[in-house]
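Raw contents of upload_27.cif, mmCIF, N, CA and C atoms:
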data_protein
loop_
_atom_site.label_atom_id
_atom_site.label_comp_id
_atom_site.auth_asym_id
_atom_site.auth_seq_id
_atom_site.Cartn_x
_atom_site.Cartn_y
_atom_site.Cartn_z
N MET A 1 -24.74 -16.88 -41.12
CA MET A 1 -24.28 -15.99 -40.06
C MET A 1 -22.82 -15.63 -40.34
N SER A 2 -22.49 -14.37 -40.16
CA SER A 2 -21.13 -13.91 -40.44
C SER A 2 -20.15 -14.44 -39.40
N ALA A 3 -18.88 -14.52 -39.78
CA ALA A 3 -17.84 -15.06 -38.89
C ALA A 3 -17.70 -14.24 -37.61
N PRO A 4 -17.63 -12.89 -37.67
CA PRO A 4 -17.51 -12.13 -36.41
C PRO A 4 -18.69 -12.34 -35.47
N ARG A 5 -19.88 -12.45 -36.07
CA ARG A 5 -21.07 -12.66 -35.24
C ARG A 5 -21.04 -14.03 -34.58
N LYS A 6 -20.56 -15.03 -35.33
CA LYS A 6 -20.44 -16.39 -34.81
C LYS A 6 -19.44 -16.42 -33.65
N LEU A 7 -18.30 -15.72 -33.82
CA LEU A 7 -17.29 -15.65 -32.76
C LEU A 7 -17.85 -14.96 -31.52
N GLY A 8 -18.62 -13.91 -31.74
CA GLY A 8 -19.22 -13.19 -30.62
C GLY A 8 -20.18 -14.07 -29.84
N ARG A 9 -20.99 -14.83 -30.53
CA ARG A 9 -21.93 -15.75 -29.87
C ARG A 9 -21.19 -16.84 -29.10
N LYS A 10 -20.13 -17.34 -29.72
CA LYS A 10 -19.34 -18.39 -29.06
C LYS A 10 -18.67 -17.83 -27.79
N ALA A 11 -18.13 -16.62 -27.89
CA ALA A 11 -17.50 -15.99 -26.73
C ALA A 11 -18.52 -15.76 -25.62
N LEU A 12 -19.70 -15.31 -25.97
CA LEU A 12 -20.75 -15.07 -24.98
C LEU A 12 -21.18 -16.38 -24.33
N ARG A 13 -21.32 -17.43 -25.10
CA ARG A 13 -21.70 -18.74 -24.57
C ARG A 13 -20.61 -19.25 -23.60
N ASN A 14 -19.36 -19.09 -23.99
CA ASN A 14 -18.26 -19.49 -23.11
C ASN A 14 -18.28 -18.69 -21.81
N LEU A 15 -18.48 -17.41 -21.91
CA LEU A 15 -18.52 -16.54 -20.73
C LEU A 15 -19.65 -16.94 -19.79
N ARG A 16 -20.81 -17.20 -20.34
CA ARG A 16 -21.97 -17.58 -19.52
C ARG A 16 -21.75 -18.91 -18.79
N HIS A 17 -20.90 -19.75 -19.33
CA HIS A 17 -20.62 -21.04 -18.71
C HIS A 17 -19.30 -21.03 -17.92
N GLY A 18 -18.73 -19.85 -17.71
CA GLY A 18 -17.50 -19.75 -16.92
C GLY A 18 -16.26 -20.25 -17.62
N ARG A 19 -16.33 -20.37 -18.94
CA ARG A 19 -15.18 -20.82 -19.70
C ARG A 19 -14.47 -19.58 -20.26
N ILE A 20 -13.52 -19.08 -19.51
CA ILE A 20 -12.88 -17.82 -19.89
C ILE A 20 -11.38 -17.83 -19.58
N GLN A 21 -10.82 -18.98 -19.36
CA GLN A 21 -9.42 -19.09 -18.95
C GLN A 21 -8.45 -18.49 -19.97
N ARG A 22 -8.59 -18.85 -21.23
CA ARG A 22 -7.67 -18.34 -22.25
C ARG A 22 -7.80 -16.83 -22.41
N SER A 23 -9.02 -16.34 -22.38
CA SER A 23 -9.25 -14.90 -22.53
C SER A 23 -8.62 -14.12 -21.39
N LEU A 24 -8.78 -14.61 -20.15
CA LEU A 24 -8.17 -13.92 -19.01
C LEU A 24 -6.65 -14.02 -19.05
N ALA A 25 -6.12 -15.15 -19.48
CA ALA A 25 -4.66 -15.29 -19.61
C ALA A 25 -4.14 -14.31 -20.66
N ALA A 26 -4.87 -14.19 -21.76
CA ALA A 26 -4.45 -13.25 -22.82
C ALA A 26 -4.55 -11.80 -22.33
N ALA A 27 -5.61 -11.47 -21.61
CA ALA A 27 -5.76 -10.11 -21.07
C ALA A 27 -4.66 -9.80 -20.07
N THR A 28 -4.29 -10.78 -19.28
CA THR A 28 -3.20 -10.60 -18.31
C THR A 28 -1.89 -10.35 -19.05
N ALA A 29 -1.61 -11.16 -20.05
CA ALA A 29 -0.37 -10.99 -20.83
C ALA A 29 -0.34 -9.64 -21.53
N ALA A 30 -1.47 -9.24 -22.09
CA ALA A 30 -1.52 -7.97 -22.83
C ALA A 30 -1.44 -6.75 -21.90
N SER A 31 -1.84 -6.91 -20.66
CA SER A 31 -1.85 -5.78 -19.72
C SER A 31 -0.52 -5.59 -19.00
N ALA A 32 0.17 -6.68 -18.71
CA ALA A 32 1.35 -6.62 -17.86
C ALA A 32 2.51 -5.84 -18.48
N LEU A 33 2.81 -6.09 -19.74
CA LEU A 33 3.97 -5.46 -20.34
C LEU A 33 3.82 -3.94 -20.48
N PRO A 34 2.71 -3.42 -21.01
CA PRO A 34 2.58 -1.95 -21.06
C PRO A 34 2.55 -1.32 -19.67
N LEU A 35 1.95 -2.02 -18.71
CA LEU A 35 1.93 -1.50 -17.35
C LEU A 35 3.36 -1.45 -16.79
N GLY A 36 4.13 -2.50 -17.04
CA GLY A 36 5.52 -2.51 -16.59
C GLY A 36 6.35 -1.42 -17.23
N LEU A 37 6.09 -1.14 -18.49
CA LEU A 37 6.79 -0.06 -19.19
C LEU A 37 6.45 1.30 -18.59
N GLU A 38 5.17 1.51 -18.32
CA GLU A 38 4.76 2.77 -17.69
C GLU A 38 5.40 2.92 -16.30
N ILE A 39 5.43 1.83 -15.55
CA ILE A 39 6.04 1.85 -14.22
C ILE A 39 7.53 2.16 -14.34
N TRP A 40 8.18 1.58 -15.35
CA TRP A 40 9.60 1.87 -15.54
C TRP A 40 9.83 3.36 -15.76
N PHE A 41 9.01 3.98 -16.62
CA PHE A 41 9.16 5.42 -16.87
C PHE A 41 8.95 6.22 -15.59
N GLU A 42 7.93 5.89 -14.83
CA GLU A 42 7.64 6.63 -13.60
C GLU A 42 8.72 6.42 -12.54
N HIS A 43 9.19 5.19 -12.38
CA HIS A 43 10.23 4.92 -11.40
C HIS A 43 11.58 5.48 -11.86
N PHE A 44 11.79 5.54 -13.16
CA PHE A 44 12.99 6.18 -13.69
C PHE A 44 13.01 7.65 -13.30
N ARG A 45 11.83 8.29 -13.40
CA ARG A 45 11.71 9.70 -12.96
C ARG A 45 12.06 9.84 -11.49
N GLY A 46 11.75 8.80 -10.71
CA GLY A 46 12.09 8.79 -9.28
C GLY A 46 13.48 8.24 -9.03
N SER A 47 14.27 8.07 -10.08
CA SER A 47 15.65 7.60 -10.01
C SER A 47 15.80 6.23 -9.35
N PHE A 48 14.75 5.43 -9.38
CA PHE A 48 14.78 4.12 -8.73
C PHE A 48 15.43 4.24 -7.36
N GLY A 49 14.94 5.22 -6.58
CA GLY A 49 15.51 5.54 -5.28
C GLY A 49 15.42 4.42 -4.26
N ASP A 50 14.57 3.47 -4.47
CA ASP A 50 14.41 2.33 -3.57
C ASP A 50 14.52 1.06 -4.42
N LYS A 51 15.23 0.08 -3.92
CA LYS A 51 15.42 -1.15 -4.70
C LYS A 51 14.10 -1.85 -5.02
N TRP A 52 13.08 -1.64 -4.21
CA TRP A 52 11.77 -2.26 -4.45
C TRP A 52 11.10 -1.70 -5.70
N MET A 53 11.56 -0.56 -6.18
CA MET A 53 10.98 0.02 -7.38
C MET A 53 11.26 -0.84 -8.61
N TRP A 54 12.21 -1.74 -8.51
CA TRP A 54 12.54 -2.61 -9.63
C TRP A 54 11.61 -3.82 -9.72
N THR A 55 10.93 -4.19 -8.63
CA THR A 55 10.16 -5.44 -8.64
C THR A 55 9.05 -5.45 -9.70
N PRO A 56 8.23 -4.41 -9.85
CA PRO A 56 7.21 -4.51 -10.90
C PRO A 56 7.81 -4.49 -12.30
N VAL A 57 8.96 -3.84 -12.45
CA VAL A 57 9.62 -3.78 -13.76
C VAL A 57 10.12 -5.17 -14.14
N VAL A 58 10.62 -5.92 -13.18
CA VAL A 58 11.12 -7.27 -13.43
C VAL A 58 9.97 -8.27 -13.58
N LEU A 59 8.93 -8.10 -12.77
CA LEU A 59 7.82 -9.06 -12.80
C LEU A 59 6.92 -8.92 -14.03
N SER A 60 6.86 -7.74 -14.62
CA SER A 60 5.95 -7.53 -15.75
C SER A 60 6.26 -8.42 -16.96
N PRO A 61 7.50 -8.49 -17.43
CA PRO A 61 7.77 -9.42 -18.55
C PRO A 61 7.54 -10.88 -18.16
N ALA A 62 7.81 -11.22 -16.90
CA ALA A 62 7.57 -12.60 -16.45
C ALA A 62 6.08 -12.92 -16.49
N LEU A 63 5.24 -11.97 -16.08
CA LEU A 63 3.79 -12.19 -16.11
C LEU A 63 3.28 -12.24 -17.54
N THR A 64 3.84 -11.43 -18.41
CA THR A 64 3.46 -11.50 -19.82
C THR A 64 3.77 -12.87 -20.40
N ALA A 65 4.95 -13.37 -20.13
CA ALA A 65 5.34 -14.71 -20.61
C ALA A 65 4.43 -15.79 -20.02
N ALA A 66 4.11 -15.67 -18.73
CA ALA A 66 3.23 -16.65 -18.09
C ALA A 66 1.82 -16.58 -18.68
N GLY A 67 1.35 -15.38 -18.99
CA GLY A 67 0.04 -15.22 -19.61
C GLY A 67 -0.01 -15.84 -20.99
N ILE A 68 1.04 -15.63 -21.77
CA ILE A 68 1.11 -16.24 -23.11
C ILE A 68 1.14 -17.76 -22.99
N ALA A 69 1.92 -18.25 -22.03
CA ALA A 69 1.96 -19.70 -21.80
C ALA A 69 0.58 -20.21 -21.38
N GLY A 70 -0.15 -19.42 -20.60
CA GLY A 70 -1.49 -19.80 -20.17
C GLY A 70 -2.49 -19.84 -21.30
N VAL A 71 -2.28 -19.01 -22.30
CA VAL A 71 -3.14 -19.06 -23.49
C VAL A 71 -2.89 -20.35 -24.26
N ARG A 72 -1.65 -20.74 -24.34
CA ARG A 72 -1.27 -21.90 -25.15
C ARG A 72 -1.48 -23.23 -24.44
N SER A 73 -1.36 -23.23 -23.10
CA SER A 73 -1.39 -24.49 -22.35
C SER A 73 -2.27 -24.36 -21.10
N GLU A 74 -3.18 -25.28 -20.95
CA GLU A 74 -4.03 -25.28 -19.75
C GLU A 74 -3.20 -25.55 -18.50
N ARG A 75 -2.21 -26.40 -18.66
CA ARG A 75 -1.34 -26.72 -17.51
C ARG A 75 -0.59 -25.47 -17.04
N ALA A 76 -0.06 -24.69 -17.97
CA ALA A 76 0.64 -23.46 -17.60
C ALA A 76 -0.33 -22.46 -16.97
N ALA A 77 -1.58 -22.45 -17.45
CA ALA A 77 -2.58 -21.54 -16.90
C ALA A 77 -2.94 -21.90 -15.46
N GLN A 78 -2.69 -23.14 -15.08
CA GLN A 78 -3.03 -23.58 -13.72
C GLN A 78 -1.82 -23.70 -12.81
N THR A 79 -0.62 -23.47 -13.34
CA THR A 79 0.58 -23.60 -12.51
C THR A 79 1.40 -22.31 -12.50
N ILE A 80 2.04 -22.02 -13.60
CA ILE A 80 2.96 -20.88 -13.64
C ILE A 80 2.22 -19.54 -13.61
N LEU A 81 1.09 -19.44 -14.32
CA LEU A 81 0.35 -18.18 -14.35
C LEU A 81 -0.13 -17.75 -12.96
N PRO A 82 -0.74 -18.63 -12.16
CA PRO A 82 -1.16 -18.17 -10.84
C PRO A 82 0.02 -17.86 -9.91
N ALA A 83 1.13 -18.56 -10.08
CA ALA A 83 2.29 -18.28 -9.22
C ALA A 83 2.84 -16.87 -9.49
N ILE A 84 3.06 -16.54 -10.75
CA ILE A 84 3.57 -15.21 -11.10
C ILE A 84 2.51 -14.15 -10.81
N SER A 85 1.25 -14.48 -11.07
CA SER A 85 0.16 -13.53 -10.81
C SER A 85 0.05 -13.19 -9.33
N ALA A 86 0.24 -14.18 -8.48
CA ALA A 86 0.19 -13.93 -7.03
C ALA A 86 1.31 -12.98 -6.60
N LEU A 87 2.50 -13.19 -7.15
CA LEU A 87 3.62 -12.28 -6.85
C LEU A 87 3.31 -10.86 -7.33
N TYR A 88 2.75 -10.75 -8.52
CA TYR A 88 2.41 -9.44 -9.10
C TYR A 88 1.34 -8.74 -8.25
N CYS A 89 0.35 -9.51 -7.83
CA CYS A 89 -0.73 -8.98 -7.01
C CYS A 89 -0.17 -8.51 -5.65
N LEU A 90 0.66 -9.32 -5.05
CA LEU A 90 1.29 -8.96 -3.78
C LEU A 90 2.17 -7.73 -3.94
N ASP A 91 2.90 -7.66 -5.03
CA ASP A 91 3.75 -6.50 -5.31
C ASP A 91 2.90 -5.23 -5.40
N GLY A 92 1.73 -5.35 -6.00
CA GLY A 92 0.82 -4.20 -6.08
C GLY A 92 0.34 -3.77 -4.71
N ALA A 93 -0.01 -4.72 -3.87
CA ALA A 93 -0.46 -4.39 -2.51
C ALA A 93 0.65 -3.73 -1.70
N ILE A 94 1.85 -4.26 -1.83
CA ILE A 94 3.01 -3.65 -1.14
C ILE A 94 3.26 -2.26 -1.70
N GLY A 95 3.09 -2.10 -3.00
CA GLY A 95 3.28 -0.79 -3.64
C GLY A 95 2.33 0.27 -3.13
N VAL A 96 1.06 -0.12 -2.90
CA VAL A 96 0.11 0.84 -2.34
C VAL A 96 0.63 1.33 -0.99
N TYR A 97 1.09 0.40 -0.16
CA TYR A 97 1.63 0.76 1.16
C TYR A 97 2.85 1.67 1.02
N THR A 98 3.79 1.30 0.15
CA THR A 98 5.01 2.13 0.03
C THR A 98 4.70 3.49 -0.56
N HIS A 99 3.72 3.59 -1.44
CA HIS A 99 3.36 4.90 -1.99
C HIS A 99 2.70 5.77 -0.92
N ILE A 100 1.87 5.17 -0.08
CA ILE A 100 1.28 5.93 1.03
C ILE A 100 2.38 6.43 1.94
N GLN A 101 3.35 5.58 2.23
CA GLN A 101 4.48 6.00 3.07
C GLN A 101 5.30 7.09 2.39
N GLY A 102 5.43 7.00 1.07
CA GLY A 102 6.17 8.01 0.32
C GLY A 102 5.53 9.39 0.43
N VAL A 103 4.20 9.44 0.36
CA VAL A 103 3.50 10.72 0.52
C VAL A 103 3.62 11.19 1.96
N ARG A 104 3.47 10.27 2.91
CA ARG A 104 3.55 10.62 4.34
C ARG A 104 4.90 11.24 4.69
N LYS A 105 5.98 10.73 4.08
CA LYS A 105 7.33 11.19 4.42
C LYS A 105 7.73 12.49 3.74
N ARG A 106 6.94 12.92 2.77
CA ARG A 106 7.27 14.19 2.10
C ARG A 106 7.05 15.34 3.08
N PRO A 107 7.75 16.46 2.89
CA PRO A 107 7.54 17.61 3.79
C PRO A 107 6.06 18.01 3.79
N GLY A 108 5.49 18.02 4.97
CA GLY A 108 4.07 18.36 5.11
C GLY A 108 3.17 17.14 5.07
N GLY A 109 3.65 16.04 4.49
CA GLY A 109 2.89 14.79 4.45
C GLY A 109 1.47 14.97 3.95
N PHE A 110 0.52 14.37 4.65
CA PHE A 110 -0.88 14.45 4.25
C PHE A 110 -1.51 15.77 4.68
N ASP A 111 -0.77 16.60 5.44
CA ASP A 111 -1.28 17.93 5.80
C ASP A 111 -1.22 18.88 4.62
N GLU A 112 -0.42 18.54 3.61
CA GLU A 112 -0.32 19.32 2.37
C GLU A 112 -0.82 18.46 1.20
N PRO A 113 -2.08 18.05 1.24
CA PRO A 113 -2.54 17.07 0.25
C PRO A 113 -2.51 17.57 -1.18
N LEU A 114 -2.81 18.83 -1.38
CA LEU A 114 -2.86 19.33 -2.75
C LEU A 114 -1.50 19.19 -3.43
N TYR A 115 -0.44 19.43 -2.69
CA TYR A 115 0.90 19.33 -3.27
C TYR A 115 1.42 17.90 -3.26
N ASN A 116 1.39 17.26 -2.11
CA ASN A 116 2.04 15.96 -1.97
C ASN A 116 1.32 14.83 -2.68
N ILE A 117 0.01 14.88 -2.77
CA ILE A 117 -0.69 13.82 -3.48
C ILE A 117 -0.49 13.99 -4.99
N VAL A 118 -0.40 15.23 -5.44
CA VAL A 118 -0.19 15.47 -6.87
C VAL A 118 1.27 15.25 -7.25
N MET A 119 2.20 15.73 -6.46
CA MET A 119 3.62 15.66 -6.80
C MET A 119 4.32 14.42 -6.24
N GLY A 120 3.73 13.78 -5.26
CA GLY A 120 4.35 12.60 -4.66
C GLY A 120 4.01 11.35 -5.45
N PRO A 121 4.33 10.19 -4.90
CA PRO A 121 4.01 8.94 -5.60
C PRO A 121 2.49 8.77 -5.69
N PRO A 122 1.99 8.30 -6.83
CA PRO A 122 0.54 8.12 -6.98
C PRO A 122 0.04 7.02 -6.03
N LEU A 123 -0.92 7.38 -5.20
CA LEU A 123 -1.34 6.47 -4.14
C LEU A 123 -1.96 5.16 -4.65
N LEU A 124 -2.79 5.24 -5.64
CA LEU A 124 -3.52 4.05 -6.06
C LEU A 124 -2.96 3.39 -7.31
N ALA A 125 -1.92 3.94 -7.89
CA ALA A 125 -1.35 3.35 -9.11
C ALA A 125 -0.91 1.90 -8.92
N PRO A 126 -0.29 1.54 -7.80
CA PRO A 126 0.10 0.14 -7.66
C PRO A 126 -1.09 -0.82 -7.60
N GLY A 127 -2.27 -0.28 -7.33
CA GLY A 127 -3.45 -1.13 -7.33
C GLY A 127 -3.69 -1.76 -8.69
N SER A 128 -3.22 -1.12 -9.75
CA SER A 128 -3.38 -1.69 -11.09
C SER A 128 -2.58 -2.99 -11.21
N LEU A 129 -1.46 -3.08 -10.52
CA LEU A 129 -0.71 -4.34 -10.51
C LEU A 129 -1.54 -5.42 -9.84
N ALA A 130 -2.16 -5.06 -8.72
CA ALA A 130 -2.98 -6.03 -8.01
C ALA A 130 -4.14 -6.51 -8.89
N LEU A 131 -4.72 -5.61 -9.67
CA LEU A 131 -5.83 -5.99 -10.54
C LEU A 131 -5.38 -6.90 -11.67
N VAL A 132 -4.26 -6.57 -12.29
CA VAL A 132 -3.75 -7.41 -13.38
C VAL A 132 -3.34 -8.78 -12.82
N GLY A 133 -2.69 -8.79 -11.68
CA GLY A 133 -2.35 -10.05 -11.04
C GLY A 133 -3.59 -10.85 -10.68
N GLY A 134 -4.63 -10.15 -10.24
CA GLY A 134 -5.89 -10.81 -9.92
C GLY A 134 -6.51 -11.47 -11.13
N MET A 135 -6.38 -10.83 -12.30
CA MET A 135 -6.90 -11.44 -13.53
C MET A 135 -6.21 -12.78 -13.79
N GLY A 136 -4.91 -12.81 -13.59
CA GLY A 136 -4.17 -14.06 -13.79
C GLY A 136 -4.58 -15.13 -12.79
N LEU A 137 -4.87 -14.73 -11.56
CA LEU A 137 -5.32 -15.69 -10.55
C LEU A 137 -6.69 -16.26 -10.90
N VAL A 138 -7.59 -15.39 -11.35
CA VAL A 138 -8.93 -15.84 -11.75
C VAL A 138 -8.84 -16.77 -12.96
N ALA A 139 -7.91 -16.49 -13.87
CA ALA A 139 -7.74 -17.35 -15.04
C ALA A 139 -7.45 -18.78 -14.62
N ALA A 140 -6.66 -18.94 -13.57
CA ALA A 140 -6.32 -20.28 -13.11
C ALA A 140 -7.54 -21.02 -12.57
N LEU A 141 -8.51 -20.28 -12.07
CA LEU A 141 -9.71 -20.89 -11.50
C LEU A 141 -10.81 -21.14 -12.53
N ALA A 142 -10.76 -20.41 -13.63
CA ALA A 142 -11.81 -20.51 -14.64
C ALA A 142 -11.63 -21.76 -15.50
N ARG A 143 -12.72 -22.15 -16.13
CA ARG A 143 -12.64 -23.27 -17.06
C ARG A 143 -12.13 -22.79 -18.40
N ARG A 144 -11.56 -23.69 -19.13
CA ARG A 144 -10.97 -23.38 -20.43
C ARG A 144 -12.06 -23.28 -21.50
N GLU A 145 -11.90 -22.33 -22.42
CA GLU A 145 -12.85 -22.20 -23.53
C GLU A 145 -12.79 -23.45 -24.41
N ARG A 146 -13.88 -23.69 -25.08
CA ARG A 146 -13.92 -24.82 -26.01
C ARG A 146 -13.45 -24.39 -27.37
#
Encoded form using structure tokens:
Amino acid sequence: MSAPRKLGRKALRNLRHGRIQRSLAAATAASALPLGLEIWFEHFRGSFGDKWMWTPVVLSPALTAAGIAGVRSERAAQTILPAISALYCLDGAIGVYTHIQGVRKRPGGFDEPLYNIVMGPPLLAPGSLALVGGMGLVAALARRER
């Protein structure tokens, strides 16, 4: 049996038995930094008009580091990764609220949806933070791959 096929079978067996901690930690680490970079570009366009716009930019490298630590250490995957992931997830939930408020406060608010939803803050974009943070939280609950 070829090596890639063997790895695929092993990964599938681990997944079926709920052993996916390292994979979720790695996915969290790989997702957080590019997401934080994209957020930085978008918030830069908005001139970082609110101090809260900095929170996902600051938390993204921290979550990447926690994810990498979670790949290397089971203890880190059960301590630091869920702590940073919870903050990231909460930041995403708060971001959805602040983006909704941002559209509401624009001239015309939700009465001008074609303009304000397209030109205003993206309503569901912060949800991606919540999803990436959720991956890190699930990693803490999952069993470690063999």
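When atom CA of A:Pro107 is paired with atom CA of A:Pro56, their separation reads 26.6 Å.
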Exercise for the section: Convert the output of the PyMOL selection byres ((chain A and resi 96) around 7) on the shown file into explicit residues, formatted as a PyMOL selection string. Expected result: chain A and resi 91-95+97-101+123-127
Handout entry: alpha helix (DSSP H) positions in chain A, given as a VMD selection string
Key = chain A and resid 3 to 16 21 to 45 55 to 72 74 to 78 80 to 105 113 to 119 127 to 141
Exercise for the section: Report as JSON, numbers by chain the full result of the PyMOL selection byres (((chain A and resi 88 and name CA) around 10) and name CA) when it is applied to this structure. Expected result: {"A": [32, 55, 56, 58, 59, 60, 62, 63, 82, 83, 84, 85, 86, 87, 89, 90, 91, 92, 93, 94, 126, 128, 129, 130, 131, 132, 133, 134, 136]}
Handout entry: Hits of the PyMOL selection byres (((chain A and resi 28 and name CA) around 7) and name CA) in this structure, as a VMD selection string
Key = chain A and resid 24 to 27 29 to 32 64 67 132 135 to 136
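Coordinates place atom CA of A:Leu35 at a distance of 19.8 Å from atom CA of A:Ile80.
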Problem - 8 Å contact set for A:Met53, all atoms listed in the file, chain neighbours under 5 positions out, as number ranges by chain - result: A: 39-40, 43-44, 48, 58
What does the file look like for those residues with N, CA and C atoms, as a PDB file, in the frame of the given file?
ATOM      1  N   ILE A  39       5.430   1.830 -15.550  1.00  0.00           N
ATOM      2  CA  ILE A  39       6.040   1.850 -14.220  1.00  0.00           C
ATOM      3  C   ILE A  39       7.530   2.160 -14.340  1.00  0.00           C
ATOM      4  N   TRP A  40       8.180   1.580 -15.350  1.00  0.00           N
ATOM      5  CA  TRP A  40       9.600   1.870 -15.540  1.00  0.00           C
ATOM      6  C   TRP A  40       9.830   3.360 -15.760  1.00  0.00           C
ATOM      7  N   HIS A  43       9.190   5.190 -12.380  1.00  0.00           N
ATOM      8  CA  HIS A  43      10.230   4.920 -11.400  1.00  0.00           C
ATOM      9  C   HIS A  43      11.580   5.480 -11.860  1.00  0.00           C
ATOM     10  N   PHE A  44      11.790   5.540 -13.160  1.00  0.00           N
ATOM     11  CA  PHE A  44      12.990   6.180 -13.690  1.00  0.00           C
ATOM     12  C   PHE A  44      13.010   7.650 -13.300  1.00  0.00           C
ATOM     13  N   PHE A  48      14.750   5.430  -9.380  1.00  0.00           N
ATOM     14  CA  PHE A  48      14.780   4.120  -8.730  1.00  0.00           C
ATOM     15  C   PHE A  48      15.430   4.240  -7.360  1.00  0.00           C
ATOM     16  N   VAL A  58      10.620  -5.920 -13.180  1.00  0.00           N
ATOM     17  CA  VAL A  58      11.120  -7.270 -13.430  1.00  0.00           C
ATOM     18  C   VAL A  58       9.970  -8.270 -13.580  1.00  0.00           C
TER      19      VAL A  58
END
Practice task
May I ask which of the residues A:Leu15, A:Ala139, A:Val103, A:Ala66 is the closest one to A:Pro121, counting all atoms listed in the file?
Solution key: A:Val103
